[in-house]
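What follows is a short report on a single structure.
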Amino acid sequence: MAEGLQTLKNHYELAIIGCGPAGMAAALNAKIRNRDFILLGSEFCSPKLSKAPHIENWLGFPEITGEELRQRFLKHVESKDIQIVPFKVTNIYPGPPYTLVGKEQSFEADAIIIATGVSVGKLFPGEAELLGSGVGYCATCDGPLYKNKNVAIVSYNQEGEDEANFMADFCAKVYYIPYYSDLVKLDPRIEVKKSKVKGIVGTETVKQLDLGEEQLSVDGVFIIRDTLPAEQLVSGLEMEDGAIKVNHKLETSMPGLFAAGDCTGQPFQLIKAAGEGGTAALQAVKYLDGIKLPQS
């Protein structure tokens, strides 16, 4: 069902980030209205839904399990020839058009719907303050800047192992701090630390990674999460109580940028996420119609 990255175009009308209920509902409405859009997601869409033993408040489907409902969602979008592209956005540069940046590719979109769900945990102390000054979310993107330097990679999934192995080829020292079990394959030059991060230390640039009983002297810290915190994804995005601030049209503080689902705050309900996703797509279509230039 996933589309290869080699098929990415340079420009889309609409980019939808996230393939949970909000993202898939947005994609369906975008497809029905014949828009030029792309749906970005992970290899496994909506793991939280898949773990739900039963769903009681999805209208018309009593006694259905989360995994059964997830499969219905996936089959629905597949029946509409909607492809889910496994592209992880590491940064969005303001627009419009917005520029969505990944590890090795980037493209533009006139409008965006953020439907990334809730990010894992809170930001580490010092993370926001030192972002771009030694803190990053893509080691392979910024790797050449750290030749012969010390770096630490904090990862919530096995994706971080590839990042660490890449950095081991030219960094003086690579520390790896996993927030998951079952390490798969790490270069023997990488030093694994089982401690938890207490904070990232530095004034103008990163100087240390605080692990409580141990202080690592590092020049860079890369944090690999399943979901990037929204406020770190888009510089200047207005937040409220840790969620993306939206109005009743699901518009954010930036023109052409919409948000839907758990990333907009409580209640964290499946039916709310899907409803917001559909609404955000309708509003994005109206926005796109409004910015179209008159035919010459």
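Every chain in the structure tokens has a letter given in the order shown (A, B, ...), and although residue numbers restart at 1 in each chain, ligands are simply numbered from 1 in the order shown.
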
Determine, counting only C-alpha atoms, which protein, DNA and RNA residues have an atom within 12 Å of an atom of Gly18 of chain A; residues of the same chain fewer than 6 positions away are not included. Present the result as an mmCIF file with N, CA and C atoms, in the first residue's frame.
data_model
loop_
_atom_site.group_PDB
_atom_site.id
_atom_site.type_symbol
_atom_site.label_atom_id
_atom_site.label_comp_id
_atom_site.auth_asym_id
_atom_site.auth_seq_id
_atom_site.Cartn_x
_atom_site.Cartn_y
_atom_site.Cartn_z
ATOM 1 N N MET A 24 -6.258 9.685 7.770
ATOM 2 C CA MET A 24 -6.972 8.929 6.746
ATOM 3 C C MET A 24 -8.306 9.567 6.404
ATOM 4 N N ALA A 25 -9.009 10.110 7.414
ATOM 5 C CA ALA A 25 -10.273 10.803 7.136
ATOM 6 C C ALA A 25 -10.036 12.044 6.281
ATOM 7 N N ALA A 26 -8.943 12.757 6.557
ATOM 8 C CA ALA A 26 -8.597 13.924 5.750
ATOM 9 C C ALA A 26 -8.297 13.509 4.314
ATOM 10 N N ALA A 27 -7.564 12.420 4.145
ATOM 11 C CA ALA A 27 -7.205 11.948 2.811
ATOM 12 C C ALA A 27 -8.444 11.553 2.005
ATOM 13 N N ILE A 38 -0.876 14.381 -0.909
ATOM 14 C CA ILE A 38 -0.059 13.243 -0.515
ATOM 15 C C ILE A 38 -0.329 12.950 0.951
ATOM 16 N N LEU A 39 -0.459 11.658 1.287
ATOM 17 C CA LEU A 39 -0.670 11.209 2.661
ATOM 18 C C LEU A 39 0.621 10.575 3.160
ATOM 19 N N LEU A 40 1.199 11.174 4.190
ATOM 20 C CA LEU A 40 2.469 10.702 4.738
ATOM 21 C C LEU A 40 2.213 9.949 6.039
ATOM 22 N N GLY A 41 2.865 8.805 6.190
ATOM 23 C CA GLY A 41 2.669 8.042 7.409
ATOM 24 C C GLY A 41 3.804 7.089 7.669
ATOM 25 N N SER A 42 3.639 6.286 8.690
ATOM 26 C CA SER A 42 4.643 5.296 9.050
ATOM 27 C C SER A 42 4.293 3.961 8.404
ATOM 28 N N GLU A 43 5.158 2.991 8.584
ATOM 29 C CA GLU A 43 4.900 1.672 8.019
ATOM 30 C C GLU A 43 3.696 1.007 8.688
ATOM 31 N N PHE A 44 3.464 1.350 9.962
ATOM 32 C CA PHE A 44 2.335 0.776 10.696
ATOM 33 C C PHE A 44 1.457 1.924 11.175
ATOM 34 N N CYS A 45 0.333 2.108 10.532
ATOM 35 C CA CYS A 45 -0.533 3.245 10.843
ATOM 36 C C CYS A 45 -1.388 2.977 12.077
ATOM 37 N N SER A 46 -1.386 3.950 12.976
ATOM 38 C CA SER A 46 -2.238 3.957 14.165
ATOM 39 C C SER A 46 -2.027 2.759 15.089
ATOM 40 N N PRO A 47 -0.817 2.585 15.635
ATOM 41 C CA PRO A 47 -0.588 1.479 16.577
ATOM 42 C C PRO A 47 -1.452 1.566 17.822
ATOM 43 N N ILE A 84 -0.213 5.465 1.022
ATOM 44 C CA ILE A 84 0.424 6.014 2.214
ATOM 45 C C ILE A 84 1.933 5.985 1.998
ATOM 46 N N VAL A 85 2.533 7.142 1.993
ATOM 47 C CA VAL A 85 3.959 7.269 1.696
ATOM 48 C C VAL A 85 4.758 7.280 3.005
ATOM 49 N N PRO A 86 5.693 6.342 3.186
ATOM 50 C CA PRO A 86 6.476 6.278 4.425
ATOM 51 C C PRO A 86 7.576 7.336 4.451
ATOM 52 N N PHE A 87 7.161 8.570 4.645
ATOM 53 C CA PHE A 87 8.074 9.710 4.628
ATOM 54 C C PHE A 87 7.977 10.400 5.985
ATOM 55 N N LYS A 88 9.073 10.428 6.725
ATOM 56 C CA LYS A 88 9.085 11.075 8.037
ATOM 57 C C LYS A 88 9.548 12.518 7.895
ATOM 58 N N VAL A 89 8.678 13.443 8.221
ATOM 59 C CA VAL A 89 8.992 14.866 8.130
ATOM 60 C C VAL A 89 9.818 15.265 9.346
ATOM 61 N N ILE A 112 -1.109 22.291 4.412
ATOM 62 C CA ILE A 112 -0.707 21.118 5.197
ATOM 63 C C ILE A 112 -1.766 20.835 6.257
ATOM 64 N N ILE A 113 -2.023 19.561 6.482
ATOM 65 C CA ILE A 113 -2.815 19.133 7.643
ATOM 66 C C ILE A 113 -1.894 18.287 8.523
ATOM 67 N N ILE A 114 -1.657 18.743 9.746
ATOM 68 C CA ILE A 114 -0.870 17.977 10.707
ATOM 69 C C ILE A 114 -1.825 17.071 11.474
ATOM 70 N N ALA A 115 -1.601 15.771 11.384
ATOM 71 C CA ALA A 115 -2.437 14.788 12.081
ATOM 72 C C ALA A 115 -1.535 13.733 12.692
ATOM 73 N N THR A 116 -0.576 14.189 13.472
ATOM 74 C CA THR A 116 0.499 13.323 13.958
ATOM 75 C C THR A 116 0.204 12.675 15.302
ATOM 76 N N GLY A 117 -0.952 12.940 15.880
ATOM 77 C CA GLY A 117 -1.248 12.358 17.184
ATOM 78 C C GLY A 117 -0.466 13.039 18.279
ATOM 79 N N VAL A 118 -0.331 12.353 19.394
ATOM 80 C CA VAL A 118 0.368 12.901 20.556
ATOM 81 C C VAL A 118 1.789 12.381 20.574
ATOM 82 N N SER A 119 2.746 13.273 20.725
ATOM 83 C CA SER A 119 4.147 12.865 20.748
ATOM 84 C C SER A 119 4.466 12.144 22.052
ATOM 85 N N ASP A 226 9.063 8.476 17.485
ATOM 86 C CA ASP A 226 8.086 8.040 16.487
ATOM 87 C C ASP A 226 7.345 9.241 15.924
ATOM 88 N N THR A 227 7.035 10.190 16.790
ATOM 89 C CA THR A 227 6.334 11.403 16.378
ATOM 90 C C THR A 227 7.106 12.607 16.866
ATOM 91 N N LEU A 228 7.441 13.498 15.973
ATOM 92 C CA LEU A 228 8.166 14.705 16.344
ATOM 93 C C LEU A 228 7.213 15.686 17.016
ATOM 94 N N ALA A 230 5.080 18.745 17.713
ATOM 95 C CA ALA A 230 4.596 19.691 16.705
ATOM 96 C C ALA A 230 5.295 21.032 16.785
ATOM 97 N N ALA A 259 -4.620 21.501 11.539
ATOM 98 C CA ALA A 259 -4.274 20.383 12.414
ATOM 99 C C ALA A 259 -5.546 19.656 12.810
ATOM 100 N N ALA A 260 -5.418 18.347 13.061
ATOM 101 C CA ALA A 260 -6.579 17.532 13.390
ATOM 102 C C ALA A 260 -6.173 16.340 14.241
ATOM 103 N N GLY A 261 -7.086 15.903 15.104
ATOM 104 C CA GLY A 261 -6.851 14.706 15.903
ATOM 105 C C GLY A 261 -6.243 15.006 17.257
ATOM 106 N N ASP A 262 -5.549 14.014 17.815
ATOM 107 C CA ASP A 262 -5.020 14.143 19.168
ATOM 108 C C ASP A 262 -4.031 15.286 19.314
ATOM 109 N N CYS A 263 -3.357 15.669 18.227
ATOM 110 C CA CYS A 263 -2.376 16.750 18.322
ATOM 111 C C CYS A 263 -3.017 18.098 18.619
ATOM 112 N N ALA A 273 -11.096 12.511 16.451
ATOM 113 C CA ALA A 273 -9.975 12.596 15.517
ATOM 114 C C ALA A 273 -10.452 12.479 14.076
ATOM 115 N N GLY A 277 -10.337 15.345 11.192
ATOM 116 C CA GLY A 277 -9.596 15.106 9.949
ATOM 117 C C GLY A 277 -10.422 15.448 8.729
#

Inset, instruction - Write out as a PyMOL selection string which residues come within 9 Å of segment 48-58 of chain A when counting only C-alpha atoms, dropping same-chain ones fewer than 3 positions away. - result: chain A and resi 20-21+45+61-71+270-271

Extract, using only C-alpha atoms, all DNA, RNA and protein residues at most 10 Å from Asn29 of chain A, discarding same-chain residues fewer than 3 positions from it, and format them as a tab-separated table (two decimals) with all heavy atoms, in the first residue's frame.
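Output below, filename around-v4.tsv:
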chain	number	residue	atom	x	y	z
A	24	MET	N	-6.26	9.68	7.77
A	24	MET	CA	-6.97	8.93	6.75
A	24	MET	C	-8.31	9.57	6.40
A	24	MET	O	-8.72	9.58	5.24
A	24	MET	CB	-7.14	7.47	7.20
A	24	MET	CG	-5.86	6.67	7.11
A	24	MET	SD	-6.08	4.86	7.30
A	24	MET	CE	-6.03	4.72	9.08
A	25	ALA	N	-9.01	10.11	7.41
A	25	ALA	CA	-10.27	10.80	7.14
A	25	ALA	C	-10.04	12.04	6.28
A	25	ALA	O	-10.80	12.34	5.36
A	25	ALA	CB	-10.96	11.19	8.45
A	26	ALA	N	-8.94	12.76	6.56
A	26	ALA	CA	-8.60	13.92	5.75
A	26	ALA	C	-8.30	13.51	4.31
A	26	ALA	O	-8.73	14.16	3.36
A	26	ALA	CB	-7.40	14.64	6.36
A	32	ILE	N	-12.03	12.67	-2.53
A	32	ILE	CA	-13.38	12.87	-3.05
A	32	ILE	C	-13.48	14.20	-3.80
A	32	ILE	O	-14.19	14.31	-4.80
A	32	ILE	CB	-14.40	12.80	-1.90
A	32	ILE	CG1	-14.51	11.35	-1.40
A	32	ILE	CG2	-15.77	13.30	-2.34
A	32	ILE	CD1	-15.27	11.21	-0.10
A	33	ARG	N	-12.73	15.20	-3.32
A	33	ARG	CA	-12.75	16.51	-3.95
A	33	ARG	C	-11.65	16.68	-4.99
A	33	ARG	O	-11.37	17.78	-5.45
A	33	ARG	CB	-12.69	17.59	-2.87
A	33	ARG	CG	-14.06	17.81	-2.27
A	33	ARG	CD	-14.05	18.17	-0.81
A	33	ARG	NE	-15.43	18.21	-0.34
A	33	ARG	CZ	-16.13	17.13	0.05
A	33	ARG	NH1	-15.57	15.94	0.01
A	33	ARG	NH2	-17.38	17.25	0.47
A	34	ASN	N	-11.05	15.57	-5.36
A	34	ASN	CA	-10.12	15.53	-6.49
A	34	ASN	C	-8.97	16.51	-6.36
A	34	ASN	O	-8.58	17.17	-7.33
A	34	ASN	CB	-10.89	15.79	-7.80
A	34	ASN	CG	-10.11	15.32	-9.01
A	34	ASN	OD1	-9.35	14.34	-8.94
A	34	ASN	ND2	-10.28	16.01	-10.13
A	35	ARG	N	-8.39	16.57	-5.15
A	35	ARG	CA	-7.25	17.45	-4.94
A	35	ARG	C	-5.94	16.70	-5.17
A	35	ARG	O	-5.86	15.47	-5.05
A	35	ARG	CB	-7.25	18.03	-3.52
A	35	ARG	CG	-8.53	18.68	-3.09
A	35	ARG	CD	-9.16	19.58	-4.14
A	35	ARG	NE	-8.40	20.76	-4.46
A	35	ARG	CZ	-8.95	21.95	-4.69
A	35	ARG	NH1	-10.25	22.13	-4.61
A	35	ARG	NH2	-8.19	22.96	-5.02
A	277	GLY	N	-10.34	15.34	11.19
A	277	GLY	CA	-9.60	15.11	9.95
A	277	GLY	C	-10.42	15.45	8.73
A	277	GLY	O	-9.95	16.13	7.81
A	278	GLY	N	-11.67	14.99	8.72
A	278	GLY	CA	-12.55	15.31	7.60
A	278	GLY	C	-12.82	16.79	7.47
A	278	GLY	O	-12.80	17.35	6.37
A	279	THR	N	-13.04	17.44	8.61
A	279	THR	CA	-13.30	18.89	8.60
A	279	THR	C	-12.08	19.67	8.14
A	279	THR	O	-12.19	20.62	7.35
A	279	THR	CB	-13.71	19.35	10.01
A	279	THR	OG1	-14.89	18.65	10.42
A	279	THR	CG2	-13.99	20.85	10.03
A	280	ALA	N	-10.90	19.28	8.61
A	280	ALA	CA	-9.68	19.97	8.21
A	280	ALA	C	-9.47	19.89	6.70
A	280	ALA	O	-9.05	20.87	6.07
A	280	ALA	CB	-8.47	19.37	8.94
A	281	ALA	N	-9.78	18.74	6.11
A	281	ALA	CA	-9.63	18.60	4.66
A	281	ALA	C	-10.59	19.52	3.92
A	281	ALA	O	-10.22	20.15	2.93
A	281	ALA	CB	-9.86	17.15	4.25
A	282	LEU	N	-11.83	19.61	4.39
A	282	LEU	CA	-12.80	20.50	3.75
A	282	LEU	C	-12.34	21.95	3.83
A	282	LEU	O	-12.46	22.71	2.86
A	282	LEU	CB	-14.17	20.35	4.42
A	282	LEU	CG	-14.86	18.99	4.26
A	282	LEU	CD1	-16.16	18.98	5.06
A	282	LEU	CD2	-15.14	18.70	2.79
A	285	VAL	N	-9.43	22.54	1.45
A	285	VAL	CA	-9.90	22.69	0.07
A	285	VAL	C	-10.41	24.11	-0.17
A	285	VAL	O	-10.12	24.73	-1.21
A	285	VAL	CB	-11.00	21.65	-0.24
A	285	VAL	CG1	-11.71	21.98	-1.54
A	285	VAL	CG2	-10.39	20.26	-0.32

Legend entry - Computed interatomic separation between atom CA of Leu145 of chain A and atom CA of Ser133 of chain A (Å):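 Going from atom CA of Leu145 of chain A over to atom CA of Ser133 of chain A, I get 11.4 Å.
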
Inset, instruction - Please provide as a VMD selection string all residues within 12 Å of Val151 of chain A, with the sequence filter that same-chain residues fewer than 2 positions apart are discarded (counting only C-alpha atoms). - result: chain A and resid 134 to 136 139 142 to 149 153 to 154 163 to 168 170 to 177 190 to 191 200 206 to 209 216 to 223

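Once Leu288 of chain A and its same-chain neighbours fewer than 3 positions away are set aside, Tyr12, Glu13, Leu14, Ala15, Ala30, Arg33, Arg35, Asp36, Phe37, Pro96, Pro97, Ala109, Asp110, Ala111, Ile112, Pro255, Gly256, Leu257, Ala281, Leu282, Gln283, Ala284, Val285, Ile291, Lys292 and Leu293 of chain A remain within 12 Å of it when counting only C-alpha atoms.
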
Please produce a file of the residues just selected, as a short mmCIF file (atom, residue, chain, number, x, y, z; two decimals), in the first residue's frame, where the atoms kept are N, CA and C atoms.
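Saved the output as part_6.cif:
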data_model
loop_
_atom_site.label_atom_id
_atom_site.label_comp_id
_atom_site.auth_asym_id
_atom_site.auth_seq_id
_atom_site.Cartn_x
_atom_site.Cartn_y
_atom_site.Cartn_z
N TYR A 12 2.87 19.63 -4.21
CA TYR A 12 1.49 19.15 -4.06
C TYR A 12 0.61 20.32 -3.60
N GLU A 13 -0.67 20.20 -3.88
CA GLU A 13 -1.59 21.18 -3.31
C GLU A 13 -1.66 21.02 -1.79
N LEU A 14 -1.74 19.77 -1.35
CA LEU A 14 -1.97 19.48 0.06
C LEU A 14 -1.11 18.31 0.53
N ALA A 15 -0.51 18.47 1.69
CA ALA A 15 0.21 17.38 2.33
C ALA A 15 -0.46 17.06 3.65
N ALA A 30 -10.07 14.70 0.78
CA ALA A 30 -9.23 15.31 -0.26
C ALA A 30 -9.38 14.56 -1.57
N ARG A 33 -12.73 15.20 -3.32
CA ARG A 33 -12.75 16.51 -3.95
C ARG A 33 -11.65 16.68 -4.99
N ARG A 35 -8.39 16.57 -5.15
CA ARG A 35 -7.25 17.45 -4.94
C ARG A 35 -5.94 16.70 -5.17
N ASP A 36 -4.91 17.44 -5.48
CA ASP A 36 -3.57 16.89 -5.65
C ASP A 36 -2.91 16.85 -4.28
N PHE A 37 -2.92 15.69 -3.62
CA PHE A 37 -2.44 15.61 -2.24
C PHE A 37 -1.56 14.39 -2.04
N PRO A 96 3.02 30.09 2.74
CA PRO A 96 2.96 29.09 1.66
C PRO A 96 3.76 29.53 0.42
N PRO A 97 4.21 28.57 -0.42
CA PRO A 97 4.12 27.13 -0.15
C PRO A 97 5.09 26.72 0.94
N ALA A 109 4.28 22.09 -0.50
CA ALA A 109 2.83 21.94 -0.49
C ALA A 109 2.21 23.30 -0.18
N ASP A 110 1.11 23.61 -0.87
CA ASP A 110 0.43 24.88 -0.65
C ASP A 110 -0.28 24.90 0.70
N ALA A 111 -0.74 23.75 1.14
CA ALA A 111 -1.43 23.63 2.43
C ALA A 111 -0.99 22.32 3.09
N ILE A 112 -1.11 22.29 4.41
CA ILE A 112 -0.71 21.12 5.20
C ILE A 112 -1.77 20.83 6.26
N PRO A 255 -1.16 30.59 8.08
CA PRO A 255 -2.08 30.42 6.95
C PRO A 255 -1.79 29.17 6.13
N GLY A 256 -2.85 28.42 5.84
CA GLY A 256 -2.69 27.21 5.05
C GLY A 256 -2.23 26.01 5.84
N LEU A 257 -2.05 26.17 7.14
CA LEU A 257 -1.61 25.07 8.00
C LEU A 257 -2.75 24.71 8.95
N ALA A 281 -9.78 18.74 6.11
CA ALA A 281 -9.63 18.60 4.66
C ALA A 281 -10.59 19.52 3.92
N LEU A 282 -11.83 19.61 4.39
CA LEU A 282 -12.80 20.50 3.75
C LEU A 282 -12.34 21.95 3.83
N GLN A 283 -11.81 22.34 4.98
CA GLN A 283 -11.33 23.71 5.14
C GLN A 283 -10.08 23.96 4.31
N ALA A 284 -9.22 22.94 4.19
CA ALA A 284 -8.03 23.08 3.36
C ALA A 284 -8.40 23.27 1.90
N VAL A 285 -9.43 22.54 1.45
CA VAL A 285 -9.90 22.69 0.07
C VAL A 285 -10.41 24.11 -0.17
N ILE A 291 -6.76 30.60 -2.86
CA ILE A 291 -5.44 31.13 -3.26
C ILE A 291 -5.15 30.89 -4.72
N LYS A 292 -6.05 30.22 -5.42
CA LYS A 292 -5.82 29.97 -6.84
C LYS A 292 -5.87 31.28 -7.62
N LEU A 293 -4.92 31.42 -8.52
CA LEU A 293 -4.87 32.61 -9.36
C LEU A 293 -5.94 32.49 -10.46
#

Inset, instruction - Could you tell me, as a ChimeraX atom specification, which residues of segment 67-180 of chain A DSSP assigns to helix (DSSP H, G or I) when given the backbone? - result: /A:67-79,139-146,159-168

Legend entry - Those in segment 79-166 of chain A with strand (DSSP E or B) from DSSP, as a list of chain:residue names: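 Across segment 79-166 of chain A, those assigned strand (DSSP E or B) are A:Ile84, A:Val85, A:Asn91, A:Ile92, A:Tyr93, A:Tyr98, A:Thr99, A:Leu100, A:Val101, A:Ser106, A:Phe107, A:Glu108, A:Ala109, A:Asp110, A:Ala111, A:Ile112, A:Ile113, A:Ile114, A:Leu131, A:Val135, A:Gly136, A:Asn150, A:Val151, A:Ala152, A:Ile153, A:Val154, A:Ser155.
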
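Relative to atom CA of Glu127 of chain A, atom CA of Glu204 of chain A is found at 12.3 Å.
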
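Closest approach to Lys122 of chain A among A:Ile17, A:Ala152, A:Leu237, A:Val197 is made by A:Val197 (distances from only C-alpha atoms).
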
Inset, instruction - Would you mind reading off the distance between atom CA of Thr264 of chain A and atom CA of Leu233 of chain A, one decimal, in Å? - result: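 These atoms are spaced 14.4 Å apart.
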
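Restricting the calculation to only C-alpha atoms, the smallest distance between Pro178 of chain A and any of A:Ala128, A:Ile92, A:Ile224, A:Leu74 is found for A:Ile224.
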